[in-house]
Amino acid sequence: MKQFPDLLRGKKLMYVHGFGSSGQSGTVRRLRTVFPNATVVAPDLPLHPEEAMALLLHLCQEEQPDIIIGTSMGGMYTEQLRGFDRICTNPALCIADTMHDHGMTGTQQYQNPRQDGVQTFYVDKALVKEYRTVSERRFEGLDAADAERVYGLFGDRDDVVDTFDLFHQHYAQAIHFHGEHRMDDHSFMHSVLPVIRWIDDRQEGRDRPIVYIGMETAGSKEPAPSFQKTVRSLIERYQVFFVAPALTTDVKAYEATTAWLEQYVNVPAWGHTVFTNQRRLLYGDYLIEGTATRDAMATSIVLGGDTFKTWDDILEYFERLGGQ
């Protein structure tokens, strides 16, 4: 796993685990590996939801986390922790229904070791009712300012929870990512990490140099590995935006562009796509394109020209710049 020692440096990240898990899950180990200079707070949640919420509210007051990440059941809890920057990953906002539909009743085994040593637990109708009561408090006390501090990430291959539409009714920042219900290394690095970077940049008032990428340089089919490698490298140090023509009368072309970006770039392209026929008005630092824009307000980098014949040449150029 690649480490990002400067991201979340000196900050606290609280992780809220899913149903039947613990604060010793693989996701917690992943967070501590990727962010070595952050403090990761990851409690074992009590089985009863009222007790779990009480513990989380207490920890929020005591620890004052800079960011909260919750997955599945933890995403349901995280949504209700008002006043903090937070990411809800595949949140089980209707967890009682999820428990019923997926056989999460009767004797259950904890998926990860817990500090109290307990290995099994029992879910009966009364406990399911408790979860329903707590989950139905979702969106209570939500205001516009708090809504702007919350992201929802939803796996496009999640066969356990599907609450995208419900979440999106209250939060604009609802994003699909390539992944299943459980977070793995790939979905974390390519989907969750960019959102953490957006939040950290906003908290720090950090303005990264802007790189625009013209869609004509990406091709209409599956992009070359060198394109994807360059994009992944650029988003670590720059604000990256994708630029396409403003095809106001061609809905299919617009849909094709957005579908391509969702397929091959995914989360980093969310909210970072510009449709315009006036590239010369784009104010930024660099513009990667197929043909140089006249009077551009950003340094034009022409792919396929004498200086930058391939994406590998562009990647080498930006690596030498080191984020400038």
# chains A, B, ... in the order shown; residues from 1 in each chain; ligands from 1
>>> residues_around(residues="Asp313 (chain A)", least_positions_apart="3", cutoff="10 Å", atoms="only C-alpha atoms", output="ChimeraX atom specification")
/A:226,230,303-304,307-310,316-319
>>> write_last_selection(atoms="N, CA and C atoms", output="short mmCIF file (atom, residue, chain, number, x, y, z; two decimals), in the first residue's frame")
data_model
loop_
_atom_site.label_atom_id
_atom_site.label_comp_id
_atom_site.auth_asym_id
_atom_site.auth_seq_id
_atom_site.Cartn_x
_atom_site.Cartn_y
_atom_site.Cartn_z
N SER A 226 -1.04 3.96 -19.80
CA SER A 226 -0.22 5.14 -19.50
C SER A 226 -1.08 6.35 -19.18
N THR A 230 -0.96 8.16 -15.56
CA THR A 230 -0.70 9.60 -15.46
C THR A 230 -1.78 10.30 -14.65
N LEU A 303 -0.43 16.79 -26.51
CA LEU A 303 -0.10 15.36 -26.60
C LEU A 303 0.08 14.98 -28.08
N GLY A 304 1.18 14.29 -28.38
CA GLY A 304 1.45 13.89 -29.75
C GLY A 304 2.34 14.84 -30.50
N THR A 307 7.36 17.61 -28.31
CA THR A 307 7.85 17.55 -26.93
C THR A 307 7.21 16.43 -26.13
N PHE A 308 5.91 16.25 -26.32
CA PHE A 308 5.18 15.24 -25.54
C PHE A 308 4.52 14.26 -26.50
N LYS A 309 5.28 13.28 -26.91
CA LYS A 309 4.76 12.32 -27.88
C LYS A 309 3.78 11.34 -27.25
N THR A 310 3.98 11.00 -25.98
CA THR A 310 3.15 10.00 -25.31
C THR A 310 2.76 10.48 -23.92
N GLU A 316 6.44 12.03 -17.00
CA GLU A 316 7.81 12.37 -16.62
C GLU A 316 7.95 13.87 -16.39
N TYR A 317 7.30 14.68 -17.22
CA TYR A 317 7.35 16.14 -17.07
C TYR A 317 6.77 16.57 -15.73
N PHE A 318 5.62 16.04 -15.38
CA PHE A 318 5.00 16.45 -14.11
C PHE A 318 5.73 15.87 -12.91
N GLU A 319 6.31 14.73 -13.06
CA GLU A 319 7.12 14.19 -11.94
C GLU A 319 8.31 15.08 -11.66
#
>>> residues_around(residues="region 269-279 of chain A", least_positions_apart="5", cutoff="12 Å", atoms="only C-alpha atoms", output="VMD selection string")
chain A and resid 151 153 172 to 177 190 to 191 194 to 195 198 210 to 215 231 to 232 235 238 to 248 253 to 255 257 to 264 284 286 to 289 291 to 300
>>> residues_around(residues="Arg82 (chain A)", least_positions_apart="5", cutoff="12 Å", atoms="only C-alpha atoms", output="number ranges by chain")
A: 56-57, 60-61, 64-65, 67-68, 77, 138-150
>>> residues_around(residues="Tyr122 (chain A)", least_positions_apart="5", cutoff="9 Å", atoms="only C-alpha atoms", output="list in words")
Thr105, Gly106, Thr107, Gln108, Gln109 and Leu127 of chain A
>>> write_last_selection(atoms="N, CA, C and O atoms", output="tab-separated table (two decimals), in the first residue's frame")
chain	number	residue	atom	x	y	z
A	105	THR	N	-29.81	-12.58	11.29
A	105	THR	CA	-30.48	-12.83	12.56
A	105	THR	C	-30.04	-14.19	13.10
A	105	THR	O	-29.40	-14.98	12.40
A	106	GLY	N	-30.39	-14.44	14.37
A	106	GLY	CA	-29.93	-15.67	14.99
A	106	GLY	C	-28.51	-15.51	15.49
A	106	GLY	O	-28.01	-14.41	15.70
A	107	THR	N	-27.82	-16.61	15.70
A	107	THR	CA	-26.45	-16.58	16.19
A	107	THR	C	-25.50	-16.12	15.08
A	107	THR	O	-25.51	-16.67	13.98
A	108	GLN	N	-24.70	-15.14	15.39
A	108	GLN	CA	-23.77	-14.55	14.42
A	108	GLN	C	-22.34	-14.59	14.96
A	108	GLN	O	-22.13	-14.56	16.18
A	109	GLN	N	-21.40	-14.64	14.04
A	109	GLN	CA	-19.97	-14.66	14.40
A	109	GLN	C	-19.37	-13.30	14.06
A	109	GLN	O	-19.57	-12.77	12.97
A	127	LEU	N	-33.86	-6.93	18.94
A	127	LEU	CA	-32.66	-6.20	18.56
A	127	LEU	C	-32.83	-5.56	17.18
A	127	LEU	O	-32.41	-4.42	16.96
>>> select_by_dssp(residues="region 35-140 of chain A", states="strand (DSSP E or B)", output="list in words")
Thr39, Val40, Val41, Ile67, Ile68, Ile69, Gly70, Thr71, Arg86, Ile87, Cys88, Thr89, Gly106, Thr107, Gln108, Gln109, Thr120, Phe121, Tyr122 and Val123 of chain A
>>> atom_distance(atom1="CA of Gln111 (chain A)", atom2="CA of Ser25 (chain A)")
8.2 Å
>>> atom_distance(atom1="CA of Thr39 (chain A)", atom2="CA of Asp66 (chain A)")
10.0 Å
>>> residues_around(residues="Lys12 (chain A)", least_positions_apart="2", cutoff="12 Å", atoms="only C-alpha atoms", output="list in words")
Leu7, Leu8, Arg9, Gly10, Met14, Tyr15, Leu31, Arg32, Phe35, Pro36, Asn37, Ala38, Thr39, Val40, Val41, Ala42, Leu59, Cys60, Glu62, Glu63, Gln64, Pro65, Asp66, Ile67, Ile68, Ile69, Phe84, Asp85 and Asp200 of chain A
>>> select_by_dssp(residues="region 3-99 of chain A", states="alpha helix (DSSP H)", output="number ranges by chain")
A: 26-34, 49-63, 73-79, 95-99
>>> decode(residues="region 127-138 of chain A", atoms="all heavy atoms", output="PDB file, in the first residue's frame")
ATOM      1  N   LEU A 127     -33.857  -6.931  18.945  1.00  0.00           N
ATOM      2  CA  LEU A 127     -32.659  -6.200  18.557  1.00  0.00           C
ATOM      3  C   LEU A 127     -32.833  -5.564  17.181  1.00  0.00           C
ATOM      4  O   LEU A 127     -32.411  -4.425  16.959  1.00  0.00           O
ATOM      5  CB  LEU A 127     -31.447  -7.123  18.566  1.00  0.00           C
ATOM      6  CG  LEU A 127     -30.088  -6.447  18.279  1.00  0.00           C
ATOM      7  CD1 LEU A 127     -29.794  -5.373  19.324  1.00  0.00           C
ATOM      8  CD2 LEU A 127     -28.974  -7.489  18.261  1.00  0.00           C
ATOM      9  N   VAL A 128     -33.474  -6.281  16.270  1.00  0.00           N
ATOM     10  CA  VAL A 128     -33.746  -5.717  14.945  1.00  0.00           C
ATOM     11  C   VAL A 128     -34.602  -4.467  15.077  1.00  0.00           C
ATOM     12  O   VAL A 128     -34.373  -3.452  14.399  1.00  0.00           O
ATOM     13  CB  VAL A 128     -34.441  -6.750  14.033  1.00  0.00           C
ATOM     14  CG1 VAL A 128     -34.878  -6.099  12.718  1.00  0.00           C
ATOM     15  CG2 VAL A 128     -33.518  -7.923  13.759  1.00  0.00           C
ATOM     16  N   LYS A 129     -35.571  -4.501  15.982  1.00  0.00           N
ATOM     17  CA  LYS A 129     -36.421  -3.331  16.220  1.00  0.00           C
ATOM     18  C   LYS A 129     -35.604  -2.159  16.746  1.00  0.00           C
ATOM     19  O   LYS A 129     -35.839  -1.001  16.369  1.00  0.00           O
ATOM     20  CB  LYS A 129     -37.541  -3.688  17.202  1.00  0.00           C
ATOM     21  CG  LYS A 129     -38.537  -2.563  17.420  1.00  0.00           C
ATOM     22  CD  LYS A 129     -39.671  -2.989  18.351  1.00  0.00           C
ATOM     23  CE  LYS A 129     -40.663  -1.853  18.562  1.00  0.00           C
ATOM     24  NZ  LYS A 129     -41.765  -2.271  19.490  1.00  0.00           N
ATOM     25  N   GLU A 130     -34.625  -2.442  17.604  1.00  0.00           N
ATOM     26  CA  GLU A 130     -33.748  -1.376  18.111  1.00  0.00           C
ATOM     27  C   GLU A 130     -32.992  -0.716  16.957  1.00  0.00           C
ATOM     28  O   GLU A 130     -32.858   0.508  16.911  1.00  0.00           O
ATOM     29  CB  GLU A 130     -32.754  -1.950  19.119  1.00  0.00           C
ATOM     30  CG  GLU A 130     -33.357  -2.390  20.435  1.00  0.00           C
ATOM     31  CD  GLU A 130     -32.315  -2.957  21.372  1.00  0.00           C
ATOM     32  OE1 GLU A 130     -31.182  -2.426  21.372  1.00  0.00           O
ATOM     33  OE2 GLU A 130     -32.595  -3.942  22.087  1.00  0.00           O
ATOM     34  N   TYR A 131     -32.491  -1.527  16.054  1.00  0.00           N
ATOM     35  CA  TYR A 131     -31.770  -0.977  14.905  1.00  0.00           C
ATOM     36  C   TYR A 131     -32.691  -0.152  14.014  1.00  0.00           C
ATOM     37  O   TYR A 131     -32.297   0.892  13.489  1.00  0.00           O
ATOM     38  CB  TYR A 131     -31.121  -2.106  14.090  1.00  0.00           C
ATOM     39  CG  TYR A 131     -29.783  -2.534  14.639  1.00  0.00           C
ATOM     40  CD1 TYR A 131     -29.669  -3.686  15.422  1.00  0.00           C
ATOM     41  CD2 TYR A 131     -28.635  -1.794  14.388  1.00  0.00           C
ATOM     42  CE1 TYR A 131     -28.444  -4.079  15.949  1.00  0.00           C
ATOM     43  CE2 TYR A 131     -27.408  -2.181  14.903  1.00  0.00           C
ATOM     44  CZ  TYR A 131     -27.316  -3.325  15.675  1.00  0.00           C
ATOM     45  OH  TYR A 131     -26.097  -3.696  16.187  1.00  0.00           O
ATOM     46  N   ARG A 132     -33.910  -0.620  13.852  1.00  0.00           N
ATOM     47  CA  ARG A 132     -34.853   0.145  13.030  1.00  0.00           C
ATOM     48  C   ARG A 132     -35.121   1.514  13.659  1.00  0.00           C
ATOM     49  O   ARG A 132     -35.160   2.537  12.965  1.00  0.00           O
ATOM     50  CB  ARG A 132     -36.164  -0.632  12.869  1.00  0.00           C
ATOM     51  CG  ARG A 132     -37.131   0.038  11.889  1.00  0.00           C
ATOM     52  CD  ARG A 132     -38.421  -0.764  11.746  1.00  0.00           C
ATOM     53  NE  ARG A 132     -38.174  -2.106  11.266  1.00  0.00           N
ATOM     54  CZ  ARG A 132     -37.974  -2.412   9.987  1.00  0.00           C
ATOM     55  NH1 ARG A 132     -37.988  -1.462   9.068  1.00  0.00           N
ATOM     56  NH2 ARG A 132     -37.763  -3.671   9.627  1.00  0.00           N
ATOM     57  N   THR A 133     -35.292   1.537  14.967  1.00  0.00           N
ATOM     58  CA  THR A 133     -35.567   2.801  15.659  1.00  0.00           C
ATOM     59  C   THR A 133     -34.433   3.797  15.467  1.00  0.00           C
ATOM     60  O   THR A 133     -34.663   4.978  15.166  1.00  0.00           O
ATOM     61  CB  THR A 133     -35.792   2.542  17.160  1.00  0.00           C
ATOM     62  OG1 THR A 133     -36.926   1.697  17.326  1.00  0.00           O
ATOM     63  CG2 THR A 133     -36.014   3.853  17.906  1.00  0.00           C
ATOM     64  N   VAL A 134     -33.191   3.339  15.640  1.00  0.00           N
ATOM     65  CA  VAL A 134     -32.049   4.238  15.497  1.00  0.00           C
ATOM     66  C   VAL A 134     -31.858   4.666  14.045  1.00  0.00           C
ATOM     67  O   VAL A 134     -31.603   5.838  13.756  1.00  0.00           O
ATOM     68  CB  VAL A 134     -30.773   3.565  16.039  1.00  0.00           C
ATOM     69  CG1 VAL A 134     -29.543   4.399  15.693  1.00  0.00           C
ATOM     70  CG2 VAL A 134     -30.878   3.393  17.547  1.00  0.00           C
ATOM     71  N   SER A 135     -32.014   3.742  13.113  1.00  0.00           N
ATOM     72  CA  SER A 135     -31.793   4.084  11.709  1.00  0.00           C
ATOM     73  C   SER A 135     -32.833   5.071  11.196  1.00  0.00           C
ATOM     74  O   SER A 135     -32.540   5.878  10.305  1.00  0.00           O
ATOM     75  CB  SER A 135     -31.802   2.823  10.838  1.00  0.00           C
ATOM     76  OG  SER A 135     -33.080   2.232  10.804  1.00  0.00           O
ATOM     77  N   GLU A 136     -34.026   5.042  11.758  1.00  0.00           N
ATOM     78  CA  GLU A 136     -35.071   5.960  11.301  1.00  0.00           C
ATOM     79  C   GLU A 136     -34.845   7.390  11.779  1.00  0.00           C
ATOM     80  O   GLU A 136     -35.598   8.294  11.399  1.00  0.00           O
ATOM     81  CB  GLU A 136     -36.443   5.442  11.752  1.00  0.00           C
ATOM     82  CG  GLU A 136     -36.887   4.213  10.959  1.00  0.00           C
ATOM     83  CD  GLU A 136     -38.214   3.649  11.407  1.00  0.00           C
ATOM     84  OE1 GLU A 136     -38.698   4.073  12.501  1.00  0.00           O
ATOM     85  OE2 GLU A 136     -38.759   2.786  10.702  1.00  0.00           O
ATOM     86  N   ARG A 137     -33.808   7.610  12.563  1.00  0.00           N
ATOM     87  CA  ARG A 137     -33.447   8.978  12.944  1.00  0.00           C
ATOM     88  C   ARG A 137     -32.545   9.635  11.886  1.00  0.00           C
ATOM     89  O   ARG A 137     -32.094  10.770  12.070  1.00  0.00           O
ATOM     90  CB  ARG A 137     -32.722   8.976  14.283  1.00  0.00           C
ATOM     91  CG  ARG A 137     -33.591   8.502  15.442  1.00  0.00           C
ATOM     92  CD  ARG A 137     -32.767   8.370  16.716  1.00  0.00           C
ATOM     93  NE  ARG A 137     -33.513   7.689  17.762  1.00  0.00           N
ATOM     94  CZ  ARG A 137     -32.969   7.137  18.827  1.00  0.00           C
ATOM     95  NH1 ARG A 137     -31.645   7.187  18.995  1.00  0.00           N
ATOM     96  NH2 ARG A 137     -33.715   6.528  19.731  1.00  0.00           N
ATOM     97  N   ARG A 138     -32.267   8.900  10.815  1.00  0.00           N
ATOM     98  CA  ARG A 138     -31.433   9.444   9.745  1.00  0.00           C
ATOM     99  C   ARG A 138     -32.024  10.763   9.256  1.00  0.00           C
ATOM    100  O   ARG A 138     -33.243  10.936   9.207  1.00  0.00           O
ATOM    101  CB  ARG A 138     -31.344   8.451   8.587  1.00  0.00           C
ATOM    102  CG  ARG A 138     -32.681   8.055   8.015  1.00  0.00           C
ATOM    103  CD  ARG A 138     -32.575   6.934   6.995  1.00  0.00           C
ATOM    104  NE  ARG A 138     -33.909   6.558   6.510  1.00  0.00           N
ATOM    105  CZ  ARG A 138     -34.606   5.533   6.944  1.00  0.00           C
ATOM    106  NH1 ARG A 138     -34.100   4.745   7.883  1.00  0.00           N
ATOM    107  NH2 ARG A 138     -35.805   5.270   6.452  1.00  0.00           N
TER     108      ARG A 138
END
